[in-house]
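Peer 1: The structure's right below; bear with me while I get my questions together.
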Amino acid sequence: MKTTTKKVMALAIFSSTLLFSGCQKDLYDPEYVASKNGLITGVPSTFNWSTISSVNLTVNVDDQFLGQYNYVVEVFDQNPIIVSNAKLLTKGLAKQGQAFVATFTIPQALKTVYIRQTAPDGLKVVRSYDLSGSTLVCDFRATKTKSVATKSVVKKSSIADTTYPTPSNAIEINSTSSKKYNIEAGKSYVIKKGAVYDGDISFSWDDTKKFLYVEGEWKISSDIQLGNGTIVILQNEGKITFSKNAKLSIQGSSDSPGSLWIMQGGTLNPSKTANVNIYETNYGSCNNLGAMYVNDITLDSNTTLNNTGTIVATGTLGANNQESTITNDGKFTVETITFSSQPIINNNCYFKVNKTASLAGATCNLGGNSYLGTTTMKCGTGTTFNMSASSILEATESASFGSKDKIIGIGSDYAVAKFKKLTAGSGGLNISGNLEFECSDYTQNTDNDKYCTIVAPAQTVEYGSPTVAIASDPNGCTGPGSTPKVDPPKDTKYPLDVNLGTTYTYAMEDLWPNYGDYDMNDIVLAITPKYTLNSAAYVKSMTMDVDLKAVGATKSLAAAIQLDNVAKENVTGITYSVQSTDGSVFEVGSNMVEVDQAKAVIPLFDDAHGFLRSSGITNTIKSGSSVPNKTVTITITFADNTVTSANISDIQNALNFFIVTDKKKTTRTEIHLRGFKATDHVNKSLFGTGVDNSSKKSYSSIDNLVWGMVIPTDFNYPTENTNIQNAYPNFRSWAISDGQNNQDWYITPASGLTY
């Protein structure tokens with residue numbers, strides 16, 4: 001950084017790598033202006049050099065207890081359900097008629113925050129919000145989160161009231177008269193109640209409708225095709241049984257589809273022993289109001305499968321064409337589902353897949369109080385679930401999604417999608433609407449890509465800990481239901497500790513009002529703040545863990561924080577876990593705040609070297625002087641009802657960190673971050689000298705450069721004489737883009753150039 005030797009000054013003009021001599025560094029010379037070789041050029045005058053932003057938040061909770069108890073509201077940088085070390089950004093209490101209002105700080109690179117509401121009975125929900133401005137409103141009241149479903153019943157569909165009474169002129173089929181019948185166009189045939197027919201039946205393939213009514217039993221021993229215009233109706237107590245493996249194919253045309261109707265009380269394959277495959281191809285339809293026991297079911301072009309009764313398929317349900325439609329209003333159980341197209345599933349009751357459901361782009365519409373469950377779910381190519389209120393979608397082992405898949409809560413109240421484990425592809429799954437997403441193990445979004453986007457009012461809960469109550473009905477539509485596990489209500493009261501999870505690193509240059517070498521390591525310290533709320537409005541105390549990491553200077557440097565929104569008389573006392581101040585720079589009064597200041601100035605240390613127990617340049621040269629970091633915990637106590645959380649929690653505007661470079665108590669040289677004002681003890685005559693341009697913006701230079709920054713992480717600072725733009729390749733892009741690009745530049749250092 002600094003030297004007074006003219007020889008080295010000359011060398012600096014020609015070589016930025018030899019810009020400063022480490023052994024002669026920081027001998028203050030007010031005449032000295034470091035070479036600008038290696039400094040950053042092209043920085044917009046509007047750039048504020050901040051890596052953090054402020055957010056004004058209002059949260060209204062869904063108070064189910066009518067104001068009797070407080071709800072806990074917490075805001076995190078990641079979803080705490082899947083990230084155990086998610087950082088707390090702010091915290092408070094709320095209830096009916098009392099919103100949680102706070103101002104808090106985020107890294108500018110953070111684009112999404114996660115707000116958790118914890119109810120007095122222990123139920124927790126998380127909603128995520130993308131940040132598009134400085135104001136955020138979260139309203140958990142927008143829809144109910146604890147709706148109790150009405151009694152689940154088997155519902156009627158459009159086919160439920162369909163009847164096909166056997167006409168009186170139907171031609172009787174029986175084994176005594178013939179072993180072979182040809183069902184002719186325009187005619188009706190019947191196997192009467194009590195009769196058993198085991199002969200052959202063939203159907204003409206013209207488009208004219210033809211009917212076969214089964215009141216008794218039709219035994220089939222070979223493959224059967226129901227073609228154009230053929231309609232087979234199993235009446236009450238009617239049966240179709242199979243004496244061996246057989247394939248039932250239902251075909252037709254758009255003008256004259258073939259169809260199978262199983263009426264209430266009718267049964268297909270009642271013995272459940274035959275291996276029956278049903279192929280519904282080319283406008284065929286199968287309509288079940290009774291009971292149907294089969295192996296495979298395959299749907300092809302423009303086919304439909306409607307169920308209001310019971311279907312049990314021991315094999316695979318498949319669909320080969322996007323025009324296929326499956327509507328379930330009863331109980332449907334199948335071993336596996338394999339779709340190679342994009343069919344439509346309308347499920348209004350109970351639909352269970354025992355093993356794997358490969359849904360491959362299907363559109364699944366779940367009616368209210370319905371259940372669609374499987375063990376393993378495989379989606380992709382635009383699979384969409386539209387879920388009405390109190391419907392349930394479940395995968396008890398795992399679910400995988402591709403890109404552009406969607407789960408949408410379309411009802412006036414919440415539906416539940418629950419997955420033990422979920423993976424999603426790049427650009428992946430979008431969850432939105434009135435939906436509770438119950439999962440503790442899913443693909444986490446990254447800075448550059450979204451895998452699982454959850455858009456409020458959709459909310460997440462831990463797997464096995466739902467908040468939406470849906471009555472279970474093993475014999476009806478909702479199956480296992482959704483049962484919240486609630487504890488007796490317990491109130492959380494003040495005082496409330498708010499232990500923020502973000503560490504802020506301050507990295508400073510010490511040659512103001514002249515340039516240094518921009519290695520930003522003359523003072524490096526990290527501060528982790530926390531505070532205690534005495535009420536919803538006021539803070540009782542604030543604690544800072546201050547970790548001094550490096551002193552890349554030979555001169556004596558002091559540091560303090562001015563609380564810009566706190567008057568000095570509103571501090572009643574300060575305690576230090578270890579002695580870090582000696583009064584040589586900061587003279588304090590009885591409340592331990594610096595005297596003769598309008599605002600509260602909190603000394604951190606008067607001599608960085610003395611506090612670190614080192615001398616000279618320390619912890620910036622890898623082969624040089626190295627000592628352990630030194631930490632002091634500072635607790636500031638405030639007068640009752642004088643300091644709000646916004647006064648101290650908004651790091652961007654509340655904590656005015658600065659260093660003193662000349663050991664003076666008054667009329668001293670202070671270096672602050674850009675935009676922050678100096679204390680009452682600053683030497684005002686230095687403003688406007690050297691390269692300082694504070695008349696435009698305090699502590700900025702004529703090139704809009706700065707002498708200090710705060711970074712919202714435990715920062716790896718540059719090694720001695722390493723310009724920060726070399727240590728961090730994305731730093732320059734961030735600066736010259738007015739902070740729009742590479743906002744997280746500080747997470748990607750160059751190899752070997754940071755300490």
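Residue numbering restarts at 1 in every chain; chains get A, B, ... in the order shown in the structure tokens, and ligands count up from 1 in that same order.
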Using DSSP secondary structure from the backbone, list all alpha helix (DSSP H) positions within segment 598-705 of chain A, as a PDB file with all heavy atoms, in the first residue's frame.

Peer 2:
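And here's result-v2.pdb as it stands now:
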```
ATOM      1  N   ALA A 608      -5.166  -1.849  17.013  1.00  0.00           N
ATOM      2  CA  ALA A 608      -5.379  -3.173  16.421  1.00  0.00           C
ATOM      3  C   ALA A 608      -4.211  -4.105  16.714  1.00  0.00           C
ATOM      4  O   ALA A 608      -4.409  -5.282  17.043  1.00  0.00           O
ATOM      5  CB  ALA A 608      -5.592  -3.035  14.910  1.00  0.00           C
ATOM      6  N   HIS A 609      -2.995  -3.587  16.594  1.00  0.00           N
ATOM      7  CA  HIS A 609      -1.833  -4.439  16.869  1.00  0.00           C
ATOM      8  C   HIS A 609      -1.821  -4.894  18.322  1.00  0.00           C
ATOM      9  O   HIS A 609      -1.538  -6.061  18.624  1.00  0.00           O
ATOM     10  CB  HIS A 609      -0.535  -3.692  16.541  1.00  0.00           C
ATOM     11  CG  HIS A 609      -0.317  -3.446  15.084  1.00  0.00           C
ATOM     12  ND1 HIS A 609      -0.490  -2.214  14.507  1.00  0.00           N
ATOM     13  CD2 HIS A 609       0.049  -4.281  14.083  1.00  0.00           C
ATOM     14  CE1 HIS A 609      -0.226  -2.284  13.215  1.00  0.00           C
ATOM     15  NE2 HIS A 609       0.109  -3.536  12.927  1.00  0.00           N
ATOM     16  N   GLY A 610      -2.135  -3.951  19.221  1.00  0.00           N
ATOM     17  CA  GLY A 610      -2.141  -4.303  20.634  1.00  0.00           C
ATOM     18  C   GLY A 610      -3.198  -5.350  20.947  1.00  0.00           C
ATOM     19  O   GLY A 610      -2.950  -6.286  21.720  1.00  0.00           O
ATOM     20  N   PHE A 611      -4.384  -5.206  20.358  1.00  0.00           N
ATOM     21  CA  PHE A 611      -5.440  -6.177  20.610  1.00  0.00           C
ATOM     22  C   PHE A 611      -5.082  -7.539  20.026  1.00  0.00           C
ATOM     23  O   PHE A 611      -5.337  -8.581  20.639  1.00  0.00           O
ATOM     24  CB  PHE A 611      -6.751  -5.658  20.016  1.00  0.00           C
ATOM     25  CG  PHE A 611      -7.914  -6.590  20.190  1.00  0.00           C
ATOM     26  CD1 PHE A 611      -8.278  -7.061  21.441  1.00  0.00           C
ATOM     27  CD2 PHE A 611      -8.654  -7.016  19.097  1.00  0.00           C
ATOM     28  CE1 PHE A 611      -9.346  -7.920  21.607  1.00  0.00           C
ATOM     29  CE2 PHE A 611      -9.726  -7.879  19.248  1.00  0.00           C
ATOM     30  CZ  PHE A 611     -10.072  -8.331  20.508  1.00  0.00           C
ATOM     31  N   LEU A 612      -4.447  -7.531  18.850  1.00  0.00           N
ATOM     32  CA  LEU A 612      -4.081  -8.794  18.202  1.00  0.00           C
ATOM     33  C   LEU A 612      -2.789  -9.374  18.778  1.00  0.00           C
ATOM     34  O   LEU A 612      -2.429 -10.506  18.474  1.00  0.00           O
ATOM     35  CB  LEU A 612      -3.929  -8.548  16.697  1.00  0.00           C
ATOM     36  CG  LEU A 612      -4.149  -9.711  15.732  1.00  0.00           C
ATOM     37  CD1 LEU A 612      -5.500 -10.366  15.958  1.00  0.00           C
ATOM     38  CD2 LEU A 612      -4.019  -9.238  14.293  1.00  0.00           C
ATOM     39  N   SER A 645     -35.823  -2.207  16.394  1.00  0.00           N
ATOM     40  CA  SER A 645     -34.970  -3.162  15.672  1.00  0.00           C
ATOM     41  C   SER A 645     -34.457  -2.548  14.379  1.00  0.00           C
ATOM     42  O   SER A 645     -33.317  -2.791  13.969  1.00  0.00           O
ATOM     43  CB  SER A 645     -35.740  -4.457  15.392  1.00  0.00           C
ATOM     44  OG  SER A 645     -36.873  -4.215  14.585  1.00  0.00           O
ATOM     45  N   ALA A 646     -35.288  -1.735  13.705  1.00  0.00           N
ATOM     46  CA  ALA A 646     -34.844  -1.095  12.469  1.00  0.00           C
ATOM     47  C   ALA A 646     -33.673  -0.153  12.719  1.00  0.00           C
ATOM     48  O   ALA A 646     -32.839   0.069  11.830  1.00  0.00           O
ATOM     49  CB  ALA A 646     -35.999  -0.338  11.827  1.00  0.00           C
ATOM     50  N   ASN A 647     -33.572   0.409  13.929  1.00  0.00           N
ATOM     51  CA  ASN A 647     -32.470   1.314  14.262  1.00  0.00           C
ATOM     52  C   ASN A 647     -31.121   0.621  14.253  1.00  0.00           C
ATOM     53  O   ASN A 647     -30.088   1.282  14.052  1.00  0.00           O
ATOM     54  CB  ASN A 647     -32.684   1.951  15.637  1.00  0.00           C
ATOM     55  CG  ASN A 647     -33.839   2.916  15.695  1.00  0.00           C
ATOM     56  OD1 ASN A 647     -34.445   3.110  16.746  1.00  0.00           O
ATOM     57  ND2 ASN A 647     -34.184   3.537  14.572  1.00  0.00           N
ATOM     58  N   ILE A 648     -31.111  -0.698  14.480  1.00  0.00           N
ATOM     59  CA  ILE A 648     -29.817  -1.383  14.589  1.00  0.00           C
ATOM     60  C   ILE A 648     -29.681  -2.604  13.674  1.00  0.00           C
ATOM     61  O   ILE A 648     -28.566  -3.050  13.412  1.00  0.00           O
ATOM     62  CB  ILE A 648     -29.536  -1.796  16.053  1.00  0.00           C
ATOM     63  CG1 ILE A 648     -30.701  -2.609  16.652  1.00  0.00           C
ATOM     64  CG2 ILE A 648     -29.267  -0.577  16.908  1.00  0.00           C
ATOM     65  CD1 ILE A 648     -30.561  -4.065  16.534  1.00  0.00           C
ATOM     66  N   SER A 649     -30.791  -3.164  13.182  1.00  0.00           N
ATOM     67  CA  SER A 649     -30.713  -4.405  12.403  1.00  0.00           C
ATOM     68  C   SER A 649     -30.452  -4.160  10.930  1.00  0.00           C
ATOM     69  O   SER A 649     -30.036  -5.068  10.204  1.00  0.00           O
ATOM     70  CB  SER A 649     -32.003  -5.212  12.560  1.00  0.00           C
ATOM     71  OG  SER A 649     -33.101  -4.507  12.009  1.00  0.00           O
ATOM     72  N   ILE A 651     -28.174  -3.257   8.624  1.00  0.00           N
ATOM     73  CA  ILE A 651     -26.725  -3.063   8.542  1.00  0.00           C
ATOM     74  C   ILE A 651     -26.376  -2.011   7.495  1.00  0.00           C
ATOM     75  O   ILE A 651     -25.440  -1.225   7.665  1.00  0.00           O
ATOM     76  CB  ILE A 651     -26.028  -4.394   8.212  1.00  0.00           C
ATOM     77  CG1 ILE A 651     -26.485  -5.501   9.181  1.00  0.00           C
ATOM     78  CG2 ILE A 651     -24.520  -4.246   8.228  1.00  0.00           C
ATOM     79  CD1 ILE A 651     -26.192  -5.219  10.616  1.00  0.00           C
ATOM     80  N   GLN A 652     -27.129  -1.996   6.423  1.00  0.00           N
ATOM     81  CA  GLN A 652     -26.872  -1.085   5.311  1.00  0.00           C
ATOM     82  C   GLN A 652     -26.920   0.378   5.754  1.00  0.00           C
ATOM     83  O   GLN A 652     -26.177   1.210   5.240  1.00  0.00           O
ATOM     84  CB  GLN A 652     -27.918  -1.334   4.213  1.00  0.00           C
ATOM     85  CG  GLN A 652     -27.936  -0.328   3.077  1.00  0.00           C
ATOM     86  CD  GLN A 652     -26.872  -0.611   2.036  1.00  0.00           C
ATOM     87  OE1 GLN A 652     -25.989  -1.435   2.258  1.00  0.00           O
ATOM     88  NE2 GLN A 652     -26.951   0.071   0.917  1.00  0.00           N
ATOM     89  N   ASN A 653     -27.774   0.696   6.697  1.00  0.00           N
ATOM     90  CA  ASN A 653     -27.983   2.090   7.067  1.00  0.00           C
ATOM     91  C   ASN A 653     -27.769   2.392   8.550  1.00  0.00           C
ATOM     92  O   ASN A 653     -27.856   3.557   8.947  1.00  0.00           O
ATOM     93  CB  ASN A 653     -29.409   2.514   6.685  1.00  0.00           C
ATOM     94  CG  ASN A 653     -29.656   2.412   5.197  1.00  0.00           C
ATOM     95  OD1 ASN A 653     -28.959   3.032   4.410  1.00  0.00           O
ATOM     96  ND2 ASN A 653     -30.633   1.606   4.801  1.00  0.00           N
ATOM     97  N   ALA A 654     -27.518   1.375   9.357  1.00  0.00           N
ATOM     98  CA  ALA A 654     -27.475   1.586  10.806  1.00  0.00           C
ATOM     99  C   ALA A 654     -26.082   1.473  11.407  1.00  0.00           C
ATOM    100  O   ALA A 654     -25.738   2.214  12.333  1.00  0.00           O
ATOM    101  CB  ALA A 654     -28.404   0.602  11.504  1.00  0.00           C
TER     102      ALA A 654
END
```

Peer 1: Can you tell me, as a ChimeraX atom specification, what residues are no more than 10 Å from segment 185-195 of chain A when counting only C-alpha atoms, ignoring any on the same chain fewer than 5 positions away?

Peer 2: /A:166-175,203-218,228-239

Peer 1: Give the answer as one residue: which of A:Glu587, A:Asp650, A:Asp441, A:Glu436 has the shortest atom-to-atom distance to Ser84 of chain A, using only C-alpha atoms?

Peer 2: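 Using only C-alpha atoms, Ser84 of chain A sits closest to A:Asp441.
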
Peer 1: Compile the contact shell of Ala102 of chain A as a VMD selection string: residues with an atom at most 10 Å away, counting only C-alpha atoms, same-chain residues fewer than 3 positions apart removed.

Peer 2: chain A and resid 55 to 59 90 to 92 99 536 to 537 644 to 646 649 to 650

Peer 1: Write a file of the selected residues as a CSV table (one decimal), in the first residue's frame, keeping all heavy atoms.

Peer 2:
```csv
chain,number,residue,atom,x,y,z
A,55,VAL,N,-34.4,-4.5,3.2
A,55,VAL,CA,-35.7,-4.9,2.8
A,55,VAL,C,-36.7,-4.5,3.9
A,55,VAL,O,-36.4,-4.8,5.1
A,55,VAL,CB,-35.8,-6.4,2.6
A,55,VAL,CG1,-37.2,-6.9,2.3
A,55,VAL,CG2,-34.8,-6.9,1.5
A,56,ASN,N,-37.8,-3.9,3.6
A,56,ASN,CA,-38.8,-3.5,4.5
A,56,ASN,C,-39.9,-4.6,4.4
A,56,ASN,O,-40.5,-4.8,3.4
A,56,ASN,CB,-39.4,-2.2,4.2
A,56,ASN,CG,-38.4,-1.1,4.3
A,56,ASN,OD1,-37.7,-0.9,5.2
A,56,ASN,ND2,-38.2,-0.3,3.2
A,57,LEU,N,-40.1,-5.3,5.5
A,57,LEU,CA,-41.0,-6.5,5.5
A,57,LEU,C,-42.2,-6.3,6.4
A,57,LEU,O,-42.1,-5.7,7.5
A,57,LEU,CB,-40.1,-7.7,6.1
A,57,LEU,CG,-40.9,-9.0,6.3
A,57,LEU,CD1,-41.4,-9.6,5.0
A,57,LEU,CD2,-40.0,-10.0,7.1
A,58,THR,N,-43.3,-6.8,6.0
A,58,THR,CA,-44.5,-6.9,6.8
A,58,THR,C,-45.1,-8.3,6.6
A,58,THR,O,-45.2,-8.8,5.5
A,58,THR,CB,-45.6,-5.9,6.3
A,58,THR,OG1,-45.1,-4.6,6.4
A,58,THR,CG2,-46.8,-6.1,7.2
A,59,VAL,N,-45.3,-9.0,7.8
A,59,VAL,CA,-45.8,-10.4,7.7
A,59,VAL,C,-47.1,-10.4,8.6
A,59,VAL,O,-47.1,-10.1,9.8
A,59,VAL,CB,-44.8,-11.4,8.3
A,59,VAL,CG1,-45.4,-12.8,8.3
A,59,VAL,CG2,-43.5,-11.4,7.5
A,90,THR,N,-33.9,-12.2,9.9
A,90,THR,CA,-34.6,-11.4,11.0
A,90,THR,C,-35.7,-12.3,11.6
A,90,THR,O,-36.0,-13.4,11.1
A,90,THR,CB,-35.3,-10.2,10.4
A,90,THR,OG1,-35.8,-9.3,11.4
A,90,THR,CG2,-36.4,-10.5,9.4
A,91,LYS,N,-36.2,-11.8,12.7
A,91,LYS,CA,-37.1,-12.7,13.5
A,91,LYS,C,-38.0,-11.8,14.4
A,91,LYS,O,-37.6,-10.7,14.8
A,91,LYS,CB,-36.3,-13.6,14.4
A,91,LYS,CG,-37.1,-14.6,15.3
A,91,LYS,CD,-36.2,-15.4,16.1
A,91,LYS,CE,-36.9,-16.3,17.1
A,91,LYS,NZ,-35.9,-17.2,17.9
A,92,GLY,N,-39.2,-12.2,14.6
A,92,GLY,CA,-40.1,-11.5,15.5
A,92,GLY,C,-41.4,-12.3,15.8
A,92,GLY,O,-41.5,-13.4,15.4
A,99,ALA,N,-49.2,-7.3,13.1
A,99,ALA,CA,-48.3,-7.8,12.1
A,99,ALA,C,-46.8,-7.7,12.6
A,99,ALA,O,-46.5,-6.9,13.4
A,99,ALA,CB,-48.4,-7.1,10.8
A,536,ALA,N,-42.5,-5.9,20.7
A,536,ALA,CA,-42.5,-5.9,19.2
A,536,ALA,C,-41.9,-4.7,18.6
A,536,ALA,O,-41.4,-4.7,17.5
A,536,ALA,CB,-44.0,-6.0,18.8
A,537,ALA,N,-41.8,-3.6,19.4
A,537,ALA,CA,-41.3,-2.3,18.9
A,537,ALA,C,-39.9,-2.1,19.2
A,537,ALA,O,-39.2,-1.4,18.5
A,537,ALA,CB,-42.2,-1.2,19.3
A,644,THR,N,-35.5,0.9,18.2
A,644,THR,CA,-36.3,-0.1,17.5
A,644,THR,C,-35.3,-1.1,16.8
A,644,THR,O,-34.1,-0.8,16.6
A,644,THR,CB,-37.2,0.5,16.5
A,644,THR,OG1,-36.4,1.1,15.5
A,644,THR,CG2,-38.1,1.5,17.2
A,645,SER,N,-35.8,-2.2,16.4
A,645,SER,CA,-35.0,-3.2,15.7
A,645,SER,C,-34.5,-2.5,14.4
A,645,SER,O,-33.3,-2.8,14.0
A,645,SER,CB,-35.7,-4.5,15.4
A,645,SER,OG,-36.9,-4.2,14.6
A,646,ALA,N,-35.3,-1.7,13.7
A,646,ALA,CA,-34.8,-1.1,12.5
A,646,ALA,C,-33.7,-0.2,12.7
A,646,ALA,O,-32.8,0.1,11.8
A,646,ALA,CB,-36.0,-0.3,11.8
A,649,SER,N,-30.8,-3.2,13.2
A,649,SER,CA,-30.7,-4.4,12.4
A,649,SER,C,-30.5,-4.2,10.9
A,649,SER,O,-30.0,-5.1,10.2
A,649,SER,CB,-32.0,-5.2,12.6
A,649,SER,OG,-33.1,-4.5,12.0
A,650,ASP,N,-30.7,-2.9,10.5
A,650,ASP,CA,-30.5,-2.6,9.1
A,650,ASP,C,-29.0,-2.3,8.9
A,650,ASP,O,-28.6,-1.1,9.0
A,650,ASP,CB,-31.4,-1.5,8.6
A,650,ASP,CG,-31.2,-1.1,7.2
A,650,ASP,OD1,-30.5,-1.8,6.4
A,650,ASP,OD2,-31.7,0.0,6.8
```

Peer 1: Closest to Asp139 of chain A among A:Val61, A:Leu372, A:Ala291, A:Ala274, using only C-alpha atoms?

Peer 2: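 Looking at the shortest contact to Asp139 of chain A, the residue is A:Val61.
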
Peer 1: List as a ChimeraX atom specification the protein and nucleic acid residues near segment 547-564 of chain A, meaning an atom at most 6 Å away when only C-alpha atoms are counted, but skip any in the same chain fewer than 2 places from it.

Peer 2: /A:26,521-526,566,600-608,616-620,629-631,654-661

Peer 1: Show me, as a list in words, the residues that have an atom within 7 Å of Ile311 of chain A when counting only C-alpha atoms, minus same-chain residues fewer than 2 positions from it.

Peer 2: Ala291, Met292, Tyr293, Gly309, Ala313, Lys331, Phe332 and Thr333 of chain A

Peer 1: Got a sec: who's within 8 Å of Ser465 of chain A, counting only C-alpha atoms, leaving out chain neighbours fewer than 2 positions off, as a PyMOL selection string?

Peer 2: chain A and resi 123+438+461-463+467+484-485
